[in-house]
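*Asks:* Supplied in structure tokens, the structure appears directly below.
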Amino acid sequence: MDVSWGKTNRDDVQGGRKKQHTYRVSVAEEAALKVKAQQYGISVARLVVESALSREGESHSDRQALIQELAQVRTLLSRVSSNINQIARHANATGDFPADATASVAAMRQLMLRIDDTVRGVSGP
């Protein structure tokens with residue numbers, strides 16, 4: 001279960017995308033759309049779709065900031081997990097293994113899965 005934190009394309013949809021929409025905008029509106037899309041690092045088409053389907057009061061930048069923050073938290077948890085692994089190695093070598101270490105590792109794994117699910121949930125359409 002791998003989450004791509006830096007993916008710039010929208011997730012694939014089973015069966016593909018079969019509908020196409022055409023819309024008309026003024027030259028000024030097109031320029032504004034291009035500027036905003038460039039600010040977010042996405043295409044104008046993706047900007048239009050995400051804007052139309054986003055939750056009320058939620059902007060693309062808000063969602064990206066949340067995803068970035070969650071990714072950083074997941075990285076920290078991964079580092080802590082490595083520390084737990086080192087404790088386990090020490091425990092195996094010395095025979096001194098804390099009783100709550102197994103529960104701590106299980107709780108960490110569950111938390112990391114929750115973070116992955118949350119990131120997918122806020123990643124948008």
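Within each chain, counting starts at residue 1; across the structure tokens, chains are named A, B, ... in the order shown, with ligands numbered 1 upward in that order.
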Do a neighbour search on Gln39 (chain A) at 10 Å with only C-alpha atoms, toss out local chain neighbours closer than 5 positions, and write the hits as a PyMOL selection string.

*Replies:* chain A and resi 33-34+61

*Asks:* Write the selection just made, keeping all heavy atoms, as a short mmCIF file (atom, residue, chain, number, x, y, z; two decimals), in the first residue's frame?

*Replies:*
data_model
loop_
_atom_site.label_atom_id
_atom_site.label_comp_id
_atom_site.auth_asym_id
_atom_site.auth_seq_id
_atom_site.Cartn_x
_atom_site.Cartn_y
_atom_site.Cartn_z
N LEU A 33 -7.18 31.83 -15.22
CA LEU A 33 -7.17 30.39 -14.98
C LEU A 33 -5.77 29.82 -15.16
O LEU A 33 -5.32 28.99 -14.35
CB LEU A 33 -8.14 29.67 -15.94
CG LEU A 33 -9.63 29.83 -15.64
CD1 LEU A 33 -10.45 29.30 -16.80
CD2 LEU A 33 -10.00 29.13 -14.35
N LYS A 34 -5.07 30.27 -16.19
CA LYS A 34 -3.71 29.79 -16.42
C LYS A 34 -2.78 30.18 -15.28
O LYS A 34 -1.95 29.37 -14.85
CB LYS A 34 -3.18 30.31 -17.76
CG LYS A 34 -3.77 29.61 -18.95
CD LYS A 34 -3.17 30.14 -20.25
CE LYS A 34 -3.72 29.40 -21.45
NZ LYS A 34 -3.15 29.90 -22.71
N SER A 61 -5.00 24.82 -2.53
CA SER A 61 -3.81 25.06 -1.70
C SER A 61 -4.04 24.58 -0.27
O SER A 61 -3.12 24.08 0.38
CB SER A 61 -3.39 26.53 -1.72
OG SER A 61 -4.44 27.36 -1.30
#

*Asks:* At most 8 Å is the cut-off: for each residue in region 5-79 of chain A with any atom that close to an atom of region 101-121 of chain A, write down the nearest atom pair and the distance in Å rounded to one decimal, counting only C-alpha atoms, chain first then increasing number, as a Markdown table.

*Replies:*
| residue | atom | partner | partner_atom | distance |
| --- | --- | --- | --- | --- |
| A:Ile67 | CA | A:Val119 | CA | 5.8 |
| A:Leu70 | CA | A:Ile115 | CA | 6.8 |
| A:Ala71 | CA | A:Val119 | CA | 8.0 |
| A:Arg74 | CA | A:Met112 | CA | 6.4 |
| A:Leu77 | CA | A:Met112 | CA | 7.3 |

*Asks:* Write out as a PyMOL selection string all residues of region 10-119 of chain A that backbone DSSP assigns to helix (DSSP H, G or I).

*Replies:* chain A and resi 27-40+44-53+60-94+101-119
